[in-house]
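Heads up, the thing below is written out as structure tokens.
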Amino acid sequence: EQINKGNYKHYMQKEIHEQPESLTTTMRGRLLRGGSCKAKTVLLGGLKDHLKTIRRSRRIVFIGCGTSYNAALAARPILEELSGIPVTMEIASDLLDRQGPIYREDTAVFVSQSGETADSLSALEYALENGALCVGITNTVGSAIARNTHCGVHINAGAEIGVASTKAYTSQIVVMAMLALAIGGDTISNQARREAIIDGLFELPNKVREVLKLDQTMKDLAQELIAEQSLLVFGRGYNYATALEGALKVKEVALMHSEGILAGEMKHGPLALVDENLPTFVIATRDACFSKQQSVIQQLHARRGRLIVMCSKGDAASVCPGGSCRVIEVPQLEDCLQPVVNIVPLQLLAYHLTVLRGFNVDQPRNLAKSVTTQ
Ligand code: G6P
């Protein structure tokens, strides 16, 4: 077992640190630019016979559980932007509980690392019965979801052993960003945006390599938070998913209560919790929501919140004018890919908190890597 972990103490730690490589593998052979090919394009072989049908669908429905659901949520805005098709989100168990409507004109996208999660599989059966085109995005070749969907994309992140998903999450987002490029029309009006995203994908492994250098910073922060009962994480836009996923990591491995909150909802309840003791993490990297996040920070500050702010490199003074909060600076890239970079410090924080609190990193109590019963 130690051989498989290489120089790392735990699988989760190894899987966090191998993300530059897993992301590279996910993209290998799927992005084209320069050379004989004039335009920058994306090739997803597993979808090529179905792209026309997907483009004609009335709605795209993302279906998943846990981290896989969060990855789909992170990709939703770019898929909506590039395809112009409404994208709705379904937690597999909730879709089944409600027997929510699924139509023949829908494309149902099943996101699952293992491809074996019972709720996702039942939701797949349900969507097939209702005549939707079903697409699988999994990390496991030959898994039930891969076999039973009409078409799909393997994320090729390599085996993930730690129960808490890390590298599969970032690779899932990248696959869904590529899916958005593949579905979205290649029109003159969006050409610059598409090229910027493809350039961003090429840069991504290096940006992740850079953000991994925050390991010690996140360990120091974990040391500070070791005895806390709770951690709030605020995000919005592309990084609402980052807030949910960061909080999920802290909760599932460090066994600390943590809540990911949509910053736009702050005044509708969560603000009542904020005081000088409760650690409050705000994701405020540069994108179209930046000024709104600045005002969230000001309001939290006015309530004497104990702030930890994640911002783009060089933005410390803009997000924390008085220098009164802890700032985590991360490298910036194209907005829709920023969640891939932003989750890494939160993965590291969850990892170090778990080790410092003395809990089982790779097999958190009561949890399983793959939930195969309902
Ligand atoms: C379990 C795992 C999570 C995972 C979820 C969905 O709860 O502990 O890490 O996100 O199942 O699994 P899937 O294999 O469908 O992505």
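Going by the structure tokens order, chains are called A, B, ..., each with residues numbered from 1, while ligands are numbered from 1 in the order shown.
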- Message: To check your reading of the model: which residues sit at most 6 Å from ligand 1 when counting only C-alpha atoms and all ligand atoms? Write the answer as JSON, numbers by chain.
- Response: {"A": [65, 66, 67, 68, 112, 113, 114, 115, 117, 163, 164, 165, 367, 368, 369, 370, 371]}
- Contacts of Asn148 of chain A at 10 Å or less, counting only C-alpha atoms, minus same-chain residues fewer than 6 places along, as a count of residues only? 9
- Message: Based on the backbone DSSP call, show me all residues of segment 168-318 of chain A assigned strand (DSSP E or B), as a VMD selection string.
- Response: chain A and resid 230 to 235 257 to 262 279 to 284 306 to 312
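Counting from atom CA of Asp215 of chain A, the distance to atom CA of Asn139 of chain A is 26.2 Å.
Every protein or nucleic acid residue with an atom no more than 9 Å from His154 of chain A, counting only C-alpha atoms and leaving out same-chain residues fewer than 5 positions away, appears here: Thr26, Gly46, Gly136, Ile137, Thr138, Asn139, Thr140, Val141, Ala146 and Val175 of chain A.
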- Query: Counting only C-alpha atoms, which of A:Ser230, A:Gln299, A:Asn366, A:Asn239 gets nearest to Leu337 of chain A?
  - Reply: A:Asn239
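Counting only C-alpha atoms, Asp106 of chain A has the following residues at most 6 Å away, ignoring those fewer than 6 positions along the same chain: A:Ser57, A:Arg58, A:Arg59, A:Ile60, A:Ala132.
Taking only C-alpha atoms into account, Leu23 of chain A lies nearest to A:Thr166 out of the set A:Asn7, A:Ser143, A:Thr280, A:Thr166.
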